[in-house]
Structure formats: C-alpha cells, structure tokens
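Chemist: Below you'll find the structure I mean.
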Amino acid sequence: MMNGSAPESEQPRIGWQPLKGVRVLDFSLLLPGPFCTLALADLGADVLKVEPPAGDFARRMSSSLFRMANRNKRSILLDLKHPDAGRVVGRLAGWADVAIEGFRPGVADRLGIGAKALSRHNPRIVYCSLSGYGQSGPWSQVPGHDLNYLCAAGVMALSGHWGQKPRRSAVPMADLAGGTYAAIAILSALHERVSTGRGRVLDLSLSEAAMSFASIRHGLDLDGPSQDHLWPTNDLFETRDGRHVALGIVEEQFWLNFVAAARDIAPDLDDPGFASEKGRRARGDELSMRLREVMRMRDADEWLRRFEQCDVPAQLSLTPFEASRSQQISGRGMVMATGGERHIPFPVLVDGERGAALRWAAPEAGEHSRQTLEEAGFDPREIAELETLGVVAPRATPEPNKEAL
C-alpha cells in the first residue's frame, strides 16, 4: 500500500504510536506546516498530504527538505481550483480530526478549504492556519520566508558569537518554531475536544513563534545590540588543523579546568584578571582573541584528549554525516533508514526504547490518490470521473505552484 522498508537496523518497526487513529488533512507546502505534521505522523497520526496537481514545490528544490519533512505521510493530488473539488474536500473534511494550511490569509477560503467551509462538514475538526504574520494585522498579506520572519521577530538583532555581527543560521528557525508550536496547539485542542466535543480554529504566526524564542534571551524591551547572552569563553574556535571545537565554558569550574588543560602553552590565562566571570566579560574582546590564538596551537584531536582529561565541556563541530554516524547517536538508535535514505524520526526514547519509527519514506506525488478516494467512500465509477475531469490525479504534472507562502 505504501512504499518503505526496514530501518537502518534492518528490522521492520512500527514504533511508538500514541496518535494512532488521529487523522490529519495537510494542505500545507514547503516547511512550516509539513514540519508540524511530520511530528504528528512520526507519532502515529494518519497524515494525508493534499498537494496541487504539480505536487508540493519543495519536491523540486535542490535540498532534501521534501524527503525529510514528509516521511510517514500519504499523498493525494487534488486540484483545489477545480469547480468539482468541493466534492472531495467535503468527504475529506468529514474523515479528518485535524486540518492544517500554510497559505497567506484569504487563500484557503478562496480555495474552499477555509475553517468555516471544513467546519460545516465536520464541527469537531481542529483547524490550524500557519502563516508568516498571522491571519490579522497590517502585515498579514506581506509575503516572506524564514529570514524575513526572523528579522521581524528581532532575532537578527542578536549575535551568536562574541564580538561579531549577527549572522543567519543555516537552520530555518522561524519555520521550525512555528511548526513546533502548531503541533503543540493542535494536540492541546484535540485534548480539549475530548471534554467539549468541538473543534477549534488556531491561528499561528511564524514571526510570533520566532519572537517567543528570541524573548527568552532578553525579554521584549531590548532596543540595541547586547552581548549579555554571550560569554567570550563559550564559542566556536578553530584549531591548528582547520577544524572547529565548541567550548561550553560558562561556570567557574570549567574555566579553571580549561586553564589547566592549556597551562603548558598558555600560562598567561592564569591572569587574575580572568579569574572571575566579571573579569572575563570586562576583558572579553582581549580574551576572545587570545583564546582563538591558543586554540590554533594544537590539533582538534589533541585538544579533545586534554579536555576529556580535565573535564572541559568541548565538542568537535561535526557535519550531519559525521553527527548521524557518531557512537552517541548510533548507541541510542536514533537514525533509521529505508531504501538507502536516512532519517531521524521524532527523537524520543519511551520506557527506555526507541519511540517513533521510520515506517515509510516520503510518498510519491499522488501515490495514495485512489486509495484515499476509496477510503472517503467514492466508488470506482466516481473515482474514474474525478480523474477524467482532472479533479484528482494519480501522479504529478510538472507545473509550479504559486499559492504557497
């Protein structure tokens, strides 16, 4: 029925499925919404990815984003602009417990998949809209992507490294923060529905999710640059062999341990001016520069041996390839594979065992179109008619989607 094979251990896994029986109608594209439903799918929910005739635009991106964000899901190709699409939408709404969309405000209503339309078919449905700036406010129609939302949230005013200007992360934090909050909100609404019997309409903003993350550092009243969240000793440093090691020196004992590890080549770090956190901060620029010089005096492996002996919090900066093959990750069974493709499903151990599992890889576009229609109660004649009309397609056609965020 669905493509997939055994995980990296070569043993088929069903995994922990606390959300088994929860049915999710996913109209979202690209990353924020799919990341939300990925968590639900990994935990056992039946997630039906509703894609336009050309498929999710993420399928045509050069990265692995689509494959990583859409495992454990099913796919149907549905032309929501077709005048007969409502026949299918109504059946699917009645089937679902949850619906999520990630369009700009107003688009879902024009496509006939807005909260009011789906609630008419199913008043118990939990409906989630995930957009850049939310469904209301003067910026609600402004287009954007992760970097725009991070800037709007105040995140890009904060540097991650001592003495350096802010730089963007390679990880799309606003998209992932929004998807995470959406999953929590959906699960909360499902829990509430047990006692109330009714659904909810949820409105989440990616920029507000990012702002929530950013506020943890300085609250919401910082109006200029600050290094109060940084330590000159808690940073990434290049070693003699060109690798990078992160030092996590915040507490006093770890500074003393580092000084001991470096004493033979940098006795000057015993300077009384560096003995307290206040002193290290006051001379932070000087200390940061000196630490960069010191760390370049040895290869990474030699530093790591010394740091282990002296109990210094240090970690070699790894590539995703190296990280996913480390003894730590392998020992906990976090990475699973199917068809040579490696994933890290919802990373949790449950009662000492690996929880979520890779049940199957991301579906082909429209792989489950006919199966879905059958489950929704359409008979073979109706399915053939829908395919002939172009309402539903069994496979994608190469035409870009223009309705995404």
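Ordering of the structure tokens sets the chain letters (A, B, ...), residue numbers begin anew at 1 in every chain, and ligands are numbered from 1 in the order given.
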Which residues, written as a PyMOL selection string, have at least one atom at most 12 Å from range 338-348 of chain A, with only C-alpha atoms counted and residues fewer than 6 positions away on the same chain left out?
Modeler: chain A and resi 3-17+35-44+64-65+67-72+180+320-321+323-325+329-330+332+354-362
Chemist: Could you save those same residues with C-alpha atoms as a compact mmCIF listing (two decimals), in the first residue's frame?
Modeler:
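The file below, again.txt, is the result:
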# COMPACT_ATOMS: atom_id res chain seq x y z
CA ASN A 3 6.42 2.46 -0.11
CA GLY A 4 9.06 1.78 2.53
CA SER A 5 11.31 -0.85 4.01
CA ALA A 6 13.22 -1.73 7.14
CA PRO A 7 15.09 0.95 9.14
CA GLU A 8 18.86 1.08 9.48
CA SER A 9 18.79 -1.88 11.86
CA GLU A 10 17.15 -3.89 9.04
CA GLN A 11 14.28 -4.75 11.39
CA PRO A 12 10.78 -3.52 10.49
CA ARG A 13 9.46 -1.10 13.11
CA ILE A 14 6.02 0.17 13.93
CA GLY A 15 7.31 2.28 16.78
CA TRP A 16 5.51 4.24 19.47
CA GLN A 17 2.21 5.48 18.01
CA PHE A 35 7.25 20.05 9.88
CA CYS A 36 4.23 20.27 12.19
CA THR A 37 2.52 17.29 10.58
CA LEU A 38 5.82 15.41 10.44
CA ALA A 39 5.84 15.28 14.24
CA LEU A 40 2.24 14.04 14.23
CA ALA A 41 2.99 11.43 11.55
CA ASP A 42 6.10 10.18 13.35
CA LEU A 43 3.94 9.65 16.43
CA GLY A 44 1.40 7.56 14.55
CA SER A 64 16.49 17.10 0.88
CA LEU A 65 13.81 19.19 2.57
CA ARG A 67 12.07 13.95 1.70
CA MET A 68 12.99 14.74 5.30
CA ALA A 69 9.77 16.62 6.13
CA ASN A 70 7.25 14.23 4.61
CA ARG A 71 8.11 10.69 5.72
CA ASN A 72 5.34 8.59 7.25
CA THR A 180 6.57 23.11 16.65
CA PRO A 320 25.50 15.98 9.50
CA PHE A 321 27.22 12.91 8.02
CA ALA A 323 26.93 13.51 13.60
CA SER A 324 24.44 10.93 12.41
CA ARG A 325 27.11 8.22 12.48
CA ILE A 329 23.57 8.62 18.05
CA SER A 330 24.21 5.03 16.94
CA ARG A 332 20.67 5.32 21.07
CA ARG A 354 13.35 4.00 20.70
CA GLY A 355 9.98 5.69 20.32
CA ALA A 356 8.88 6.94 16.90
CA ALA A 357 9.89 4.91 13.86
CA LEU A 358 10.50 5.37 10.17
CA ARG A 359 7.51 3.46 8.84
CA TRP A 360 8.00 4.57 5.24
CA ALA A 361 9.74 7.29 3.25
CA ALA A 362 8.12 10.38 1.76
Chemist: Quick one: pick out all helix (DSSP H, G or I) residues within range 1-75 of chain A from a backbone DSSP run and write them as a PDB file with all heavy atoms, in the first residue's frame.
Modeler:
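The resulting file, out29.pdb, is reproduced below:
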ATOM      1  N   PRO A  32       7.034  24.928   7.105  1.00  0.00           N
ATOM      2  CA  PRO A  32       6.436  25.093   8.435  1.00  0.00           C
ATOM      3  C   PRO A  32       5.302  24.106   8.733  1.00  0.00           C
ATOM      4  O   PRO A  32       5.340  23.398   9.747  1.00  0.00           O
ATOM      5  CB  PRO A  32       5.921  26.539   8.412  1.00  0.00           C
ATOM      6  CG  PRO A  32       6.801  27.220   7.428  1.00  0.00           C
ATOM      7  CD  PRO A  32       7.071  26.199   6.353  1.00  0.00           C
ATOM      8  N   GLY A  33       4.290  24.046   7.863  1.00  0.00           N
ATOM      9  CA  GLY A  33       3.194  23.106   8.077  1.00  0.00           C
ATOM     10  C   GLY A  33       3.631  21.660   8.004  1.00  0.00           C
ATOM     11  O   GLY A  33       3.295  20.846   8.878  1.00  0.00           O
ATOM     12  N   PRO A  34       4.391  21.278   6.956  1.00  0.00           N
ATOM     13  CA  PRO A  34       4.874  19.898   6.890  1.00  0.00           C
ATOM     14  C   PRO A  34       5.723  19.490   8.086  1.00  0.00           C
ATOM     15  O   PRO A  34       5.700  18.325   8.484  1.00  0.00           O
ATOM     16  CB  PRO A  34       5.692  19.888   5.587  1.00  0.00           C
ATOM     17  CG  PRO A  34       4.970  20.869   4.715  1.00  0.00           C
ATOM     18  CD  PRO A  34       4.571  21.978   5.660  1.00  0.00           C
ATOM     19  N   PHE A  35       6.480  20.424   8.692  1.00  0.00           N
ATOM     20  CA  PHE A  35       7.252  20.050   9.878  1.00  0.00           C
ATOM     21  C   PHE A  35       6.317  19.756  11.049  1.00  0.00           C
ATOM     22  O   PHE A  35       6.558  18.834  11.836  1.00  0.00           O
ATOM     23  CB  PHE A  35       8.233  21.159  10.255  1.00  0.00           C
ATOM     24  CG  PHE A  35       9.122  20.790  11.416  1.00  0.00           C
ATOM     25  CD1 PHE A  35      10.145  19.871  11.260  1.00  0.00           C
ATOM     26  CD2 PHE A  35       8.920  21.364  12.671  1.00  0.00           C
ATOM     27  CE1 PHE A  35      10.957  19.512  12.339  1.00  0.00           C
ATOM     28  CE2 PHE A  35       9.728  21.021  13.741  1.00  0.00           C
ATOM     29  CZ  PHE A  35      10.747  20.087  13.575  1.00  0.00           C
ATOM     30  N   CYS A  36       5.240  20.538  11.157  1.00  0.00           N
ATOM     31  CA  CYS A  36       4.234  20.271  12.187  1.00  0.00           C
ATOM     32  C   CYS A  36       3.638  18.879  12.008  1.00  0.00           C
ATOM     33  O   CYS A  36       3.602  18.071  12.951  1.00  0.00           O
ATOM     34  CB  CYS A  36       3.135  21.330  12.119  1.00  0.00           C
ATOM     35  SG  CYS A  36       1.642  20.916  13.044  1.00  0.00           S
ATOM     36  N   THR A  37       3.182  18.577  10.793  1.00  0.00           N
ATOM     37  CA  THR A  37       2.521  17.286  10.578  1.00  0.00           C
ATOM     38  C   THR A  37       3.511  16.129  10.561  1.00  0.00           C
ATOM     39  O   THR A  37       3.126  14.981  10.767  1.00  0.00           O
ATOM     40  CB  THR A  37       1.705  17.307   9.279  1.00  0.00           C
ATOM     41  OG1 THR A  37       2.555  17.619   8.162  1.00  0.00           O
ATOM     42  CG2 THR A  37       0.590  18.345   9.365  1.00  0.00           C
ATOM     43  N   LEU A  38       4.798  16.444  10.339  1.00  0.00           N
ATOM     44  CA  LEU A  38       5.819  15.405  10.438  1.00  0.00           C
ATOM     45  C   LEU A  38       5.871  14.849  11.855  1.00  0.00           C
ATOM     46  O   LEU A  38       5.946  13.628  12.064  1.00  0.00           O
ATOM     47  CB  LEU A  38       7.182  15.978  10.058  1.00  0.00           C
ATOM     48  CG  LEU A  38       8.384  15.046  10.229  1.00  0.00           C
ATOM     49  CD1 LEU A  38       8.303  13.879   9.256  1.00  0.00           C
ATOM     50  CD2 LEU A  38       9.685  15.812  10.044  1.00  0.00           C
ATOM     51  N   ALA A  39       5.833  15.737  12.849  1.00  0.00           N
ATOM     52  CA  ALA A  39       5.838  15.284  14.240  1.00  0.00           C
ATOM     53  C   ALA A  39       4.619  14.413  14.518  1.00  0.00           C
ATOM     54  O   ALA A  39       4.720  13.364  15.173  1.00  0.00           O
ATOM     55  CB  ALA A  39       5.859  16.486  15.179  1.00  0.00           C
ATOM     56  N   LEU A  40       3.457  14.823  14.011  1.00  0.00           N
ATOM     57  CA  LEU A  40       2.239  14.040  14.229  1.00  0.00           C
ATOM     58  C   LEU A  40       2.330  12.689  13.534  1.00  0.00           C
ATOM     59  O   LEU A  40       1.937  11.656  14.091  1.00  0.00           O
ATOM     60  CB  LEU A  40       1.032  14.828  13.724  1.00  0.00           C
ATOM     61  CG  LEU A  40       0.849  16.245  14.278  1.00  0.00           C
ATOM     62  CD1 LEU A  40      -0.408  16.885  13.698  1.00  0.00           C
ATOM     63  CD2 LEU A  40       0.806  16.244  15.797  1.00  0.00           C
ATOM     64  N   ALA A  41       2.863  12.685  12.304  1.00  0.00           N
ATOM     65  CA  ALA A  41       2.994  11.434  11.551  1.00  0.00           C
ATOM     66  C   ALA A  41       3.976  10.483  12.220  1.00  0.00           C
ATOM     67  O   ALA A  41       3.739   9.273  12.321  1.00  0.00           O
ATOM     68  CB  ALA A  41       3.430  11.722  10.117  1.00  0.00           C
ATOM     69  N   ASP A  42       5.113  11.022  12.682  1.00  0.00           N
ATOM     70  CA  ASP A  42       6.101  10.184  13.352  1.00  0.00           C
ATOM     71  C   ASP A  42       5.511   9.515  14.589  1.00  0.00           C
ATOM     72  O   ASP A  42       5.924   8.417  14.974  1.00  0.00           O
ATOM     73  CB  ASP A  42       7.312  11.020  13.773  1.00  0.00           C
ATOM     74  CG  ASP A  42       8.288  11.276  12.625  1.00  0.00           C
ATOM     75  OD1 ASP A  42       8.093  10.695  11.534  1.00  0.00           O
ATOM     76  OD2 ASP A  42       9.239  12.052  12.820  1.00  0.00           O
ATOM     77  N   PHE A  57       5.862  22.315  -4.118  1.00  0.00           N
ATOM     78  CA  PHE A  57       7.028  22.949  -4.738  1.00  0.00           C
ATOM     79  C   PHE A  57       8.331  22.432  -4.133  1.00  0.00           C
ATOM     80  O   PHE A  57       9.364  22.386  -4.805  1.00  0.00           O
ATOM     81  CB  PHE A  57       6.944  24.473  -4.585  1.00  0.00           C
ATOM     82  CG  PHE A  57       8.128  25.207  -5.126  1.00  0.00           C
ATOM     83  CD1 PHE A  57       8.308  25.359  -6.496  1.00  0.00           C
ATOM     84  CD2 PHE A  57       9.102  25.720  -4.279  1.00  0.00           C
ATOM     85  CE1 PHE A  57       9.411  26.019  -7.006  1.00  0.00           C
ATOM     86  CE2 PHE A  57      10.208  26.381  -4.776  1.00  0.00           C
ATOM     87  CZ  PHE A  57      10.362  26.542  -6.147  1.00  0.00           C
ATOM     88  N   ALA A  58       8.287  22.029  -2.852  1.00  0.00           N
ATOM     89  CA  ALA A  58       9.505  21.539  -2.191  1.00  0.00           C
ATOM     90  C   ALA A  58      10.065  20.302  -2.874  1.00  0.00           C
ATOM     91  O   ALA A  58      11.255  20.008  -2.751  1.00  0.00           O
ATOM     92  CB  ALA A  58       9.212  21.238  -0.722  1.00  0.00           C
ATOM     93  N   ARG A  59       9.232  19.573  -3.612  1.00  0.00           N
ATOM     94  CA  ARG A  59       9.725  18.398  -4.346  1.00  0.00           C
ATOM     95  C   ARG A  59      10.772  18.790  -5.385  1.00  0.00           C
ATOM     96  O   ARG A  59      11.608  17.970  -5.759  1.00  0.00           O
ATOM     97  CB  ARG A  59       8.562  17.686  -5.049  1.00  0.00           C
ATOM     98  CG  ARG A  59       7.597  16.963  -4.116  1.00  0.00           C
ATOM     99  CD  ARG A  59       6.526  16.244  -4.933  1.00  0.00           C
ATOM    100  NE  ARG A  59       5.562  15.534  -4.101  1.00  0.00           N
ATOM    101  CZ  ARG A  59       5.723  14.289  -3.640  1.00  0.00           C
ATOM    102  NH1 ARG A  59       6.819  13.620  -3.946  1.00  0.00           N
ATOM    103  NH2 ARG A  59       4.793  13.717  -2.897  1.00  0.00           N
ATOM    104  N   ARG A  60      10.721  20.030  -5.861  1.00  0.00           N
ATOM    105  CA  ARG A  60      11.619  20.457  -6.928  1.00  0.00           C
ATOM    106  C   ARG A  60      12.781  21.300  -6.417  1.00  0.00           C
ATOM    107  O   ARG A  60      13.542  21.851  -7.202  1.00  0.00           O
ATOM    108  CB  ARG A  60      10.821  21.218  -7.985  1.00  0.00           C
ATOM    109  CG  ARG A  60       9.741  20.343  -8.633  1.00  0.00           C
ATOM    110  CD  ARG A  60       8.970  21.058  -9.721  1.00  0.00           C
ATOM    111  NE  ARG A  60       8.071  22.078  -9.237  1.00  0.00           N
ATOM    112  CZ  ARG A  60       6.898  21.845  -8.644  1.00  0.00           C
ATOM    113  NH1 ARG A  60       6.501  20.603  -8.431  1.00  0.00           N
ATOM    114  NH2 ARG A  60       6.122  22.836  -8.253  1.00  0.00           N
ATOM    115  N   LEU A  65      14.885  18.726   1.699  1.00  0.00           N
ATOM    116  CA  LEU A  65      13.813  19.194   2.566  1.00  0.00           C
ATOM    117  C   LEU A  65      12.541  18.373   2.419  1.00  0.00           C
ATOM    118  O   LEU A  65      11.950  17.940   3.404  1.00  0.00           O
ATOM    119  CB  LEU A  65      13.533  20.673   2.292  1.00  0.00           C
ATOM    120  CG  LEU A  65      12.510  21.381   3.172  1.00  0.00           C
ATOM    121  CD1 LEU A  65      12.866  22.856   3.321  1.00  0.00           C
ATOM    122  CD2 LEU A  65      11.097  21.262   2.617  1.00  0.00           C
ATOM    123  N   PHE A  66      12.093  18.168   1.178  1.00  0.00           N
ATOM    124  CA  PHE A  66      10.824  17.462   0.999  1.00  0.00           C
ATOM    125  C   PHE A  66      10.887  16.052   1.566  1.00  0.00           C
ATOM    126  O   PHE A  66       9.997  15.604   2.283  1.00  0.00           O
ATOM    127  CB  PHE A  66      10.405  17.398  -0.474  1.00  0.00           C
ATOM    128  CG  PHE A  66       9.084  16.689  -0.636  1.00  0.00           C
ATOM    129  CD1 PHE A  66       7.898  17.377  -0.489  1.00  0.00           C
ATOM    130  CD2 PHE A  66       9.030  15.323  -0.880  1.00  0.00           C
ATOM    131  CE1 PHE A  66       6.672  16.714  -0.584  1.00  0.00           C
ATOM    132  CE2 PHE A  66       7.819  14.660  -0.974  1.00  0.00           C
ATOM    133  CZ  PHE A  66       6.641  15.358  -0.827  1.00  0.00           C
ATOM    134  N   ARG A  67      11.954  15.337   1.253  1.00  0.00           N
ATOM    135  CA  ARG A  67      12.075  13.946   1.698  1.00  0.00           C
ATOM    136  C   ARG A  67      12.143  13.857   3.219  1.00  0.00           C
ATOM    137  O   ARG A  67      11.556  12.954   3.814  1.00  0.00           O
ATOM    138  CB  ARG A  67      13.327  13.301   1.089  1.00  0.00           C
ATOM    139  CG  ARG A  67      13.401  13.344  -0.418  1.00  0.00           C
ATOM    140  CD  ARG A  67      12.371  12.473  -1.072  1.00  0.00           C
ATOM    141  NE  ARG A  67      12.524  11.059  -0.719  1.00  0.00           N
ATOM    142  CZ  ARG A  67      11.635  10.132  -1.037  1.00  0.00           C
ATOM    143  NH1 ARG A  67      10.531  10.465  -1.696  1.00  0.00           N
ATOM    144  NH2 ARG A  67      11.826   8.877  -0.698  1.00  0.00           N
ATOM    145  N   MET A  68      12.846  14.784   3.843  1.00  0.00           N
ATOM    146  CA  MET A  68      12.990  14.744   5.295  1.00  0.00           C
ATOM    147  C   MET A  68      11.707  15.150   6.008  1.00  0.00           C
ATOM    148  O   MET A  68      11.403  14.637   7.085  1.00  0.00           O
ATOM    149  CB  MET A  68      14.133  15.667   5.735  1.00  0.00           C
ATOM    150  CG  MET A  68      15.520  15.246   5.252  1.00  0.00           C
ATOM    151  SD  MET A  68      16.058  13.630   5.908  1.00  0.00           S
ATOM    152  CE  MET A  68      15.865  12.595   4.439  1.00  0.00           C
ATOM    153  N   ALA A  69      10.941  16.066   5.436  1.00  0.00           N
ATOM    154  CA  ALA A  69       9.774  16.625   6.130  1.00  0.00           C
ATOM    155  C   ALA A  69       8.477  15.878   5.845  1.00  0.00           C
ATOM    156  O   ALA A  69       7.435  16.240   6.409  1.00  0.00           O
ATOM    157  CB  ALA A  69       9.605  18.094   5.754  1.00  0.00           C
TER     158      ALA A  69
END
Chemist: Using only C-alpha atoms, find the one residue out of A:Leu158, A:Val294, A:Leu349, A:Ile76 that sits nearest to Pro53 in chain A.
Modeler: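 Checking each candidate against Pro53 in chain A, we get A:Ile76 as the closest.
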Chemist: Residues of range 133-228 of chain A that have any atom at most 9 Å from an atom of range 97-108 of chain A: could you tabulate them with the shortest-distance atom pair and the distance in Å to one decimal, using only C-alpha atoms, ordered by chain and increasing number, as JSON lines?
Modeler:
{"residue": "A:Tyr133", "atom": "CA", "partner": "A:Arg104", "partner_atom": "CA", "distance": 8.9}
{"residue": "A:Gly134", "atom": "CA", "partner": "A:Pro105", "partner_atom": "CA", "distance": 7.6}
{"residue": "A:Gln135", "atom": "CA", "partner": "A:Pro105", "partner_atom": "CA", "distance": 5.3}
{"residue": "A:Ser136", "atom": "CA", "partner": "A:Pro105", "partner_atom": "CA", "distance": 8.0}
{"residue": "A:Ser140", "atom": "CA", "partner": "A:Pro105", "partner_atom": "CA", "distance": 6.7}
{"residue": "A:Gln141", "atom": "CA", "partner": "A:Arg104", "partner_atom": "CA", "distance": 6.3}
{"residue": "A:Val142", "atom": "CA", "partner": "A:Arg104", "partner_atom": "CA", "distance": 8.3}
{"residue": "A:Pro143", "atom": "CA", "partner": "A:Arg104", "partner_atom": "CA", "distance": 7.7}
{"residue": "A:Ile186", "atom": "CA", "partner": "A:Val98", "partner_atom": "CA", "distance": 7.6}
{"residue": "A:Leu190", "atom": "CA", "partner": "A:Asp97", "partner_atom": "CA", "distance": 8.2}
{"residue": "A:Gly199", "atom": "CA", "partner": "A:Asp97", "partner_atom": "CA", "distance": 8.5}
Chemist: To one decimal place, how far is CA of Ala45 in chain A from CA of Leu25 in chain A in Å?
Modeler: 10.4 Å
Chemist: Here is a test: counting only C-alpha atoms, which residue of A:Pro380, A:His244, A:Leu78, A:Gly366 is nearest to Leu318 in chain A?
Modeler: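 Closest to Leu318 in chain A, using only C-alpha atoms: A:His244.
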Chemist: Which is closest to Gly178 in chain A among A:Leu206, A:Val245, A:Val89, A:Leu80, if we use only C-alpha atoms?
Modeler: A:Leu206
